file work_16.tsv (TSV, C-alpha atoms)
chain	number	residue	atom	x	y	z
W	1	MET	CA	105.60	123.59	53.35
W	2	LYS	CA	109.00	122.26	52.50
W	3	VAL	CA	112.21	123.82	53.74
W	4	LYS	CA	115.61	122.81	52.46
W	5	VAL	CA	118.88	122.65	54.33
W	6	ILE	CA	122.23	122.38	52.58
W	7	VAL	CA	125.24	121.49	54.70
W	8	THR	CA	128.74	121.81	53.25
W	9	PRO	CA	132.21	121.30	54.72
W	10	LYS	CA	133.95	124.56	55.64
W	11	GLU	CA	136.58	125.83	53.22
W	12	ALA	CA	139.42	125.06	55.64
W	13	VAL	CA	138.30	121.46	56.19
W	14	LEU	CA	139.82	118.85	53.93
W	15	ASP	CA	137.16	117.03	51.91
W	16	PRO	CA	138.78	113.80	50.68
W	17	GLN	CA	135.49	112.59	49.18
W	18	GLY	CA	135.20	115.74	47.10
W	19	ALA	CA	138.82	115.38	46.00
W	20	ALA	CA	138.23	111.76	44.91
W	21	VAL	CA	135.17	112.76	42.91
W	22	ARG	CA	137.03	115.64	41.30
W	23	GLU	CA	139.74	113.23	40.23
W	24	ALA	CA	137.15	110.88	38.75
W	25	MET	CA	135.68	113.81	36.81
W	26	GLN	CA	139.10	114.63	35.44
W	27	HIS	CA	139.61	110.99	34.45
W	28	LEU	CA	136.36	111.25	32.52
W	29	GLY	CA	137.74	114.18	30.61
W	30	PHE	CA	136.14	117.01	32.55
W	31	THR	CA	139.39	118.79	33.27
W	32	ALA	CA	137.54	122.00	34.08
W	33	ALA	CA	136.55	120.57	37.47
W	34	ARG	CA	138.72	122.60	39.79
W	35	ASP	CA	137.16	121.77	43.15
W	36	VAL	CA	134.36	119.51	44.38
W	37	ARG	CA	132.85	119.74	47.84
W	38	ILE	CA	130.45	117.10	49.08
W	39	GLY	CA	127.83	118.01	51.64
W	40	ARG	CA	124.37	116.95	52.76
W	41	TYR	CA	120.96	117.98	51.56
W	42	LEU	CA	117.84	117.74	53.70
W	43	GLU	CA	114.21	118.36	52.80
W	44	ILE	CA	112.03	119.01	55.81
W	45	GLU	CA	108.26	118.99	55.55
W	46	VAL	CA	107.04	121.48	58.14
W	47	GLU	CA	103.53	122.18	59.36
W	48	GLY	CA	102.37	125.77	59.79
W	49	ASP	CA	103.85	129.16	59.03
W	50	ALA	CA	107.38	129.15	57.69
W	51	THR	CA	108.51	132.45	59.13
W	52	GLU	CA	107.23	131.54	62.58
W	53	GLN	CA	109.27	128.35	62.53
W	54	GLU	CA	112.43	129.95	61.24
W	55	PRO	CA	114.16	130.65	64.57
W	56	LYS	CA	113.67	127.04	65.71
W	57	LEU	CA	114.80	125.70	62.32
W	58	ARG	CA	117.90	127.84	62.48
W	59	GLU	CA	118.65	126.51	65.96
W	60	LEU	CA	118.28	122.94	64.68
W	61	CYS	CA	120.56	123.69	61.73
W	62	ARG	CA	123.23	124.92	64.12
W	63	ASP	CA	122.90	122.29	66.87
W	64	LEU	CA	121.86	119.12	65.09
W	65	LEU	CA	121.94	119.27	61.30
W	66	SER	CA	125.41	120.78	61.02
W	67	ASN	CA	128.53	120.88	63.18
W	68	PRO	CA	129.75	124.49	63.15
W	69	VAL	CA	133.32	123.33	63.79
W	70	ILE	CA	133.55	121.73	60.36
W	71	GLU	CA	130.44	122.71	58.40
W	72	ASP	CA	128.42	125.63	57.09
W	73	TYR	CA	124.70	125.40	56.49
W	74	ARG	CA	122.23	127.18	54.29
W	75	LEU	CA	118.57	127.20	55.22
W	76	GLU	CA	116.26	127.71	52.29
W	77	MET	CA	112.78	128.77	53.27
W	78	PRO	CA	109.92	128.68	50.77
W	79	ASN	CA	109.30	131.89	48.76
W	80	GLU	CA	112.97	132.02	47.93
W	81	CYS	CA	113.83	133.84	51.16
W	82	LEU	CA	117.39	132.66	51.18
W	83	THR	CA	119.39	132.82	54.39
W	84	LYS	CA	122.93	131.85	55.16
W	85	SER	CA	124.73	130.97	58.35
T	1	MET	CA	135.68	102.81	92.55
T	2	LYS	CA	132.80	102.39	90.14
T	3	PHE	CA	132.69	103.34	86.47
T	4	ALA	CA	129.51	103.91	84.45
T	5	ILE	CA	129.53	102.67	80.86
T	6	ILE	CA	126.90	104.48	78.81
T	7	GLN	CA	125.12	102.26	76.29
T	8	PHE	CA	123.70	103.94	73.21
T	9	PRO	CA	121.80	102.10	70.50
T	10	GLY	CA	124.68	101.02	68.28
T	11	SER	CA	127.39	100.98	70.96
T	12	ASN	CA	129.47	97.88	70.35
T	13	CYS	CA	132.45	98.22	72.67
T	14	ASP	CA	130.38	98.44	75.84
T	15	GLN	CA	131.16	94.81	76.64
T	16	ASP	CA	134.86	95.29	75.92
T	17	CYS	CA	134.87	98.20	78.35
T	18	LEU	CA	133.02	96.23	81.01
T	19	ALA	CA	135.37	93.25	80.71
T	20	ALA	CA	138.46	95.46	80.73
T	21	LEU	CA	137.36	97.51	83.72
T	22	ARG	CA	136.13	94.57	85.80
T	23	GLY	CA	139.50	92.93	85.23
T	24	ILE	CA	141.24	95.71	87.14
T	25	ALA	CA	141.60	95.21	90.87
T	26	GLY	CA	139.61	97.73	92.87
T	27	LEU	CA	137.39	98.69	90.00
T	28	LYS	CA	133.70	98.03	89.44
T	29	ALA	CA	131.72	98.87	86.35
T	30	ASP	CA	128.11	98.84	85.23
T	31	TYR	CA	126.08	99.78	82.19
T	32	VAL	CA	123.80	102.81	82.09
T	33	TRP	CA	121.21	102.86	79.28
T	34	HIS	CA	121.14	106.07	77.28
T	35	LYS	CA	117.47	106.69	78.08
T	36	GLU	CA	118.22	107.13	81.76
T	37	THR	CA	118.07	110.75	82.84
T	38	GLY	CA	120.31	110.50	85.85
T	39	LEU	CA	123.59	108.86	86.77
T	40	GLY	CA	123.76	106.98	90.01
T	41	ASP	CA	126.69	106.75	92.32
T	42	PHE	CA	129.61	106.51	89.92
T	43	ASP	CA	133.17	107.80	90.14
T	44	ALA	CA	133.81	108.03	86.41
T	45	ILE	CA	131.91	107.84	83.12
T	46	VAL	CA	132.90	105.89	80.00
T	47	LEU	CA	131.42	106.57	76.57
T	48	PRO	CA	132.31	103.40	74.65
T	49	GLY	CA	133.05	102.87	70.97
T	50	GLY	CA	130.59	101.77	68.35
T	51	PHE	CA	128.24	103.28	65.83
T	52	SER	CA	125.64	105.05	67.93
T	53	TYR	CA	122.49	105.68	65.90
T	54	GLY	CA	124.18	104.09	62.90
T	55	ASP	CA	126.45	107.13	62.55
T	56	TYR	CA	123.48	108.84	60.88
T	57	LEU	CA	123.92	112.53	60.07
T	58	ARG	CA	127.41	112.66	61.62
T	59	CYS	CA	129.14	110.30	64.04
T	60	GLY	CA	127.86	111.10	67.51
T	61	ALA	CA	125.49	113.82	66.32
T	62	ILE	CA	122.33	112.11	67.53
T	63	ALA	CA	123.75	110.34	70.60
T	64	ARG	CA	124.76	113.73	71.86
T	65	PHE	CA	121.05	114.47	72.40
T	66	SER	CA	120.28	111.19	74.20
T	67	PRO	CA	118.57	111.80	77.56
T	68	ILE	CA	121.59	110.60	79.58
T	69	MET	CA	123.87	113.16	77.93
T	70	ARG	CA	122.40	116.01	79.96
T	71	ALA	CA	123.58	114.25	83.13
T	72	VAL	CA	126.97	113.43	81.55
T	73	VAL	CA	127.52	117.09	80.61
T	74	GLU	CA	126.41	118.19	84.08
T	75	GLN	CA	128.80	115.77	85.79
T	76	ALA	CA	131.63	116.68	83.44
T	77	ARG	CA	131.15	120.35	84.25
T	78	ALA	CA	131.16	119.46	87.94
T	79	GLY	CA	134.57	117.81	87.53
T	80	ALA	CA	133.75	114.09	87.15
T	81	LEU	CA	136.17	112.03	85.07
T	82	VAL	CA	134.75	111.27	81.62
T	83	ILE	CA	136.52	109.20	78.97
T	84	GLY	CA	135.19	108.82	75.42
T	85	ILE	CA	136.70	106.07	73.30
T	86	CYS	CA	136.37	106.16	69.51
T	87	ASN	CA	132.64	106.83	68.97
T	88	GLY	CA	132.66	108.13	72.55
T	89	PHE	CA	135.29	110.71	71.50
T	90	GLN	CA	133.09	111.73	68.58
T	91	ILE	CA	130.11	112.14	70.93
T	92	LEU	CA	132.15	114.29	73.36
T	93	CYS	CA	133.20	116.58	70.49
T	94	GLU	CA	129.62	116.83	69.22
T	95	ALA	CA	128.44	117.61	72.74
T	96	GLY	CA	130.93	120.45	72.97
T	97	LEU	CA	132.77	118.89	75.92
T	98	LEU	CA	135.90	118.61	73.79
T	99	ALA	CA	137.26	120.95	71.12
T	100	GLY	CA	137.47	120.10	67.43
T	101	ALA	CA	135.73	117.40	65.44
T	102	LEU	CA	136.39	114.01	63.88
T	103	VAL	CA	135.94	113.74	60.15
T	104	ARG	CA	136.32	111.10	57.45
T	105	ASN	CA	139.77	109.48	57.36
T	106	ARG	CA	141.92	111.15	54.77
T	107	SER	CA	142.35	107.80	52.98
T	108	LEU	CA	138.55	107.41	52.85
T	109	ARG	CA	139.14	103.91	54.18
T	110	PHE	CA	138.04	102.34	57.43
T	111	VAL	CA	141.25	101.55	59.30
T	112	CYS	CA	141.58	98.55	61.56
T	113	ASP	CA	145.05	98.16	62.99
T	114	ILE	CA	147.28	98.31	66.02
T	115	VAL	CA	149.08	101.64	66.27
T	116	THR	CA	151.72	103.17	68.48
T	117	THR	CA	150.81	106.32	70.35
T	118	ARG	CA	152.97	108.59	72.45
T	119	VAL	CA	151.84	110.06	75.76
T	120	GLU	CA	152.37	113.80	75.33
T	121	SER	CA	151.59	114.89	78.86
T	122	ALA	CA	151.44	113.01	82.13
T	123	ASP	CA	149.61	115.91	83.70
T	124	SER	CA	146.11	114.46	83.52
T	125	PRO	CA	144.04	111.93	85.47
T	126	PHE	CA	144.22	109.66	82.40
T	127	THR	CA	147.97	109.61	81.95
T	128	CYS	CA	149.31	110.33	85.43
T	129	GLY	CA	150.54	106.74	85.80
T	130	VAL	CA	153.27	107.12	83.19
T	131	ARG	CA	155.88	109.61	82.04
T	132	ALA	CA	155.43	111.85	79.03
T	133	GLY	CA	157.03	110.10	76.06
T	134	THR	CA	155.78	106.64	77.05
T	135	LEU	CA	154.66	104.65	74.02
T	136	LEU	CA	151.35	102.78	74.09
T	137	ARG	CA	150.40	100.12	71.55
T	138	LEU	CA	146.65	100.37	71.05
T	139	PRO	CA	144.14	99.05	68.51
T	140	ILE	CA	142.14	101.39	66.28
T	141	GLY	CA	139.06	100.72	64.18
T	142	HIS	CA	137.36	103.73	62.61
T	143	GLY	CA	136.30	105.40	59.39
T	144	GLU	CA	135.88	108.88	60.85
T	145	GLY	CA	138.86	109.39	63.10
T	146	CYS	CA	140.63	112.27	61.42
T	147	PHE	CA	140.85	114.92	64.12
T	148	TYR	CA	140.28	118.45	62.90
T	149	ALA	CA	140.50	121.76	64.74
T	150	ASP	CA	141.08	125.25	63.38
T	151	GLU	CA	144.41	126.99	63.93
T	152	GLY	CA	143.35	128.96	66.98
T	153	THR	CA	141.94	125.88	68.68
T	154	LEU	CA	145.10	123.91	67.88
T	155	ARG	CA	147.27	126.63	69.36
T	156	ASP	CA	145.19	126.53	72.57
T	157	LEU	CA	145.33	122.74	72.73
T	158	ASN	CA	149.11	122.78	72.38
T	159	GLU	CA	149.74	125.69	74.75
T	160	ARG	CA	147.65	124.11	77.48
T	161	GLN	CA	149.08	120.64	76.85
T	162	GLN	CA	145.64	119.25	76.15
T	163	VAL	CA	146.97	116.87	73.51
T	164	LEU	CA	147.50	113.71	75.56
T	165	LEU	CA	148.21	111.22	72.77
T	166	ARG	CA	149.76	111.42	69.31
T	167	TYR	CA	150.23	108.71	66.70
T	168	CYS	CA	153.90	107.87	66.23
T	169	ASP	CA	156.15	105.18	64.83
T	170	GLU	CA	157.64	102.36	66.89
T	171	THR	CA	160.54	104.54	67.97
T	172	GLY	CA	158.27	107.34	69.15
T	173	ARG	CA	158.74	109.69	66.23
T	174	VAL	CA	155.65	111.51	65.00
T	175	THR	CA	155.73	111.06	61.22
T	176	PRO	CA	153.12	111.35	58.46
T	177	ALA	CA	153.55	107.63	57.72
T	178	ALA	CA	152.59	106.77	61.30
T	179	ASN	CA	149.41	108.85	61.12
T	180	PRO	CA	146.65	106.35	60.31
T	181	ASN	CA	143.84	108.75	59.47
T	182	GLY	CA	145.22	112.17	58.58
T	183	SER	CA	144.53	113.79	61.97
T	184	VAL	CA	146.01	117.29	62.27
T	185	GLU	CA	149.36	117.15	64.05
T	186	SER	CA	148.84	113.39	64.44
T	187	ILE	CA	146.48	113.97	67.35
T	188	ALA	CA	145.03	110.74	68.74
T	189	GLY	CA	143.53	112.04	71.97
T	190	ILE	CA	142.83	115.33	73.74
T	191	CYS	CA	141.45	116.48	77.06
T	192	ASN	CA	139.44	119.56	77.95
T	193	ARG	CA	140.93	122.64	79.59
T	194	GLU	CA	139.97	121.39	83.06
T	195	ARG	CA	141.62	118.04	82.22
T	196	ASN	CA	138.76	115.86	83.50
T	197	VAL	CA	137.31	114.93	80.08
T	198	PHE	CA	139.40	112.84	77.69
T	199	GLY	CA	138.60	111.61	74.20
T	200	LEU	CA	140.73	109.27	72.08
T	201	MET	CA	140.28	107.27	68.90
T	202	PRO	CA	142.42	104.25	69.91
T	203	HIS	CA	140.85	101.59	72.12
T	204	PRO	CA	142.47	101.10	75.53
T	205	ASP	CA	139.50	98.83	76.31
T	206	ARG	CA	140.69	96.35	73.68
T	207	ALA	CA	144.26	96.32	74.98
T	208	CYS	CA	144.01	95.28	78.61
T	209	GLU	CA	145.35	91.74	78.35
T	210	ALA	CA	148.65	90.49	76.94
T	211	ARG	CA	146.83	87.73	75.07
T	212	LEU	CA	144.96	90.40	73.10
T	213	GLY	CA	148.29	91.67	71.79
T	214	SER	CA	148.80	94.52	74.23
T	215	SER	CA	147.97	95.45	77.79
T	216	ASP	CA	149.01	99.08	77.35
T	217	GLY	CA	145.40	100.21	77.63
T	218	LEU	CA	145.56	99.45	81.33
T	219	THR	CA	147.80	102.50	81.69
T	220	ILE	CA	144.86	104.80	81.06
T	221	PHE	CA	142.31	103.09	83.31
T	222	GLU	CA	144.85	102.56	86.10
T	223	SER	CA	145.82	106.22	85.90
T	224	MET	CA	142.15	107.14	86.34
T	225	LEU	CA	141.87	104.81	89.31
T	226	ARG	CA	144.99	106.25	90.87
T	227	SER	CA	143.84	109.81	90.35
T	228	LEU	CA	140.43	109.06	91.87
T	229	ALA	CA	142.06	107.35	94.86
T	230	THR	CA	144.39	110.30	95.43
T	231	ASN	CA	141.46	112.72	95.29
T	232	ARG	CA	139.42	110.59	97.66
T	233	ALA	CA	142.29	110.38	100.13
T	234	ALA	CA	142.70	114.15	99.99
T	235	ALA	CA	138.99	114.80	100.55
call {"tool": "encode", "arguments": {"input": "work_16.tsv", "output": "structure tokens"}}
result
Amino acid sequence: MKVKVIVTPKEAVLDPQGAAVREAMQHLGFTAARDVRIGRYLEIEVEGDATEQEPKLRELCRDLLSNPVIEDYRLEMPNECLTKS
Amino acid sequence: MKFAIIQFPGSNCDQDCLAALRGIAGLKADYVWHKETGLGDFDAIVLPGGFSYGDYLRCGAIARFSPIMRAVVEQARAGALVIGICNGFQILCEAGLLAGALVRNRSLRFVCDIVTTRVESADSPFTCGVRAGTLLRLPIGHGEGCFYADEGTLRDLNERQQVLLRYCDETGRVTPAANPNGSVESIAGICNRERNVFGLMPHPDRACEARLGSSDGLTIFESMLRSLATNRAAA
């Protein structure tokens, strides 16, 4: 099964990359772009039962895949069981 | 006194550190490969600059889980002196030994320059050799050196005088123009609450000889040496 992890910078953390991309969008005429945040997206192919692996996956999200000082993560398990940090 | 220099895959200032440290009278230094699980008989630990694990995921995020890091954390908690330079600073933050995090420079550019920093507190084993307010000219070279900490953490860092270095101009004034990477409150280096772990983005290791443009980096290593000698004499 495939689980997905989406890591985004916290609201309070400045995201200069996102700001640069937003500006580029505005240059291209998309003035409706108010804010752009750039994060990371991971697809993890996991063997076995998804729910059984969830605690370990969550631990990995917190300790390795994201840095809680500057980032939030969202772990998307199969079957649309959406969970947020 | 003997310093351990931890080598991670992608470290590239390990040799600078070795050369700088061995050039100081009374100081020995040796490499320790990151796959080691124990540290031998060392008086202090250096995490050098570089791009450990190619900066994959986040700078320092993977090095933090290298086998040697368990021993580094253990020793740090036991009171050993640990200094993390540039990528070493990033690793110490990722490992939770120092507060805050280092993110992409506000300019989005890699900066390579010589900057002036101001010693904010002499009350640490890393700065005890000089007075607060002393200016140090040190090289920097980083793309992710923008120090970030939330408001509460910043308040703690300031109240406990854990900010040891700030970027400033040549006259010692902390100004936005003298901040090379957008770090909050121009922070260039901090220590932990116990004051035995220090992380900084500038490279004292690359500023230990006048012919390199500055020997101000010696201040930091000589302070460590002095502090260790004082502790040894007291023991």
call {"tool": "closest_residue", "arguments": {"input": "work_16.tsv", "among": "W:Lys10, W:Arg34, W:His27, W:Lys2", "to": "Glu71 in chain W", "atoms": "all atoms listed in the file"}}
result
W:Lys10
call {"tool": "atom_distance", "arguments": {"input": "work_16.tsv", "atom1": "CA of Glu170 in chain T", "atom2": "CA of Asn105 in chain T"}}
result
21.5 Å
call {"tool": "interface_residues", "arguments": {"input": "work_16.tsv", "of": "chain T", "to": "chain W", "cutoff": "9 Å", "atoms": "all atoms listed in the file", "output": "ChimeraX atom specification"}}
result
/T:57-58,61-62,65,94,99-108,148-150
call {"tool": "closest_residue", "arguments": {"input": "work_16.tsv", "among": "T:Ala78, T:Ala71, T:Leu92, T:Leu138", "to": "Ser215 in chain T", "atoms": "all atoms listed in the file"}}
result
T:Leu138
call {"tool": "atom_distance", "arguments": {"input": "work_16.tsv", "atom1": "CA of Thr171 in chain T", "atom2": "CA of Leu135 in chain T"}}
result
8.4 Å
call {"tool": "closest_residue", "arguments": {"input": "work_16.tsv", "among": "T:Leu98, T:Met1, T:Cys86, T:Cys191", "to": "Cys146 in chain T", "atoms": "only C-alpha atoms"}}
result
T:Cys86
call {"tool": "closest_residue", "arguments": {"input": "work_16.tsv", "among": "T:Val73, T:Ile85, T:Ile68, T:Leu18", "to": "Leu39 in chain T", "atoms": "all atoms listed in the file"}}
result
T:Ile68
call {"tool": "decode", "arguments": {"input": "work_16.tsv", "residues": "range 204-232 of chain T", "atoms": "C-alpha atoms", "output": "short mmCIF file (atom, residue, chain, number, x, y, z; two decimals), in the first residue's frame"}}
result
data_model
loop_
_atom_site.label_atom_id
_atom_site.label_comp_id
_atom_site.auth_asym_id
_atom_site.auth_seq_id
_atom_site.Cartn_x
_atom_site.Cartn_y
_atom_site.Cartn_z
CA PRO T 204 35.92 29.89 13.17
CA ASP T 205 37.80 26.92 11.65
CA ARG T 206 38.44 28.93 8.49
CA ALA T 207 39.70 31.97 10.39
CA CYS T 208 42.60 30.73 12.48
CA GLU T 209 45.48 32.25 10.53
CA ALA T 210 46.13 35.86 9.57
CA ARG T 211 47.02 34.78 6.04
CA LEU T 212 43.48 33.44 5.63
CA GLY T 213 42.15 36.95 6.23
CA SER T 214 41.33 36.61 9.91
CA SER T 215 42.52 34.75 12.97
CA ASP T 216 39.49 35.71 15.06
CA GLY T 217 38.24 32.13 15.00
CA LEU T 218 41.01 31.25 17.43
CA THR T 219 39.07 33.15 20.08
CA ILE T 220 36.46 30.42 20.20
CA PHE T 221 38.78 27.40 20.25
CA GLU T 222 41.16 29.06 22.72
CA SER T 223 38.23 29.88 24.98
CA MET T 224 37.25 26.20 24.92
CA LEU T 225 40.80 25.18 25.74
CA ARG T 226 40.95 27.66 28.59
CA SER T 227 37.64 26.55 30.00
CA LEU T 228 38.65 22.88 29.84
CA ALA T 229 41.97 23.66 31.53
CA THR T 230 40.25 25.59 34.31
CA ASN T 231 37.81 22.72 34.88
CA ARG T 232 40.62 20.18 34.91
#
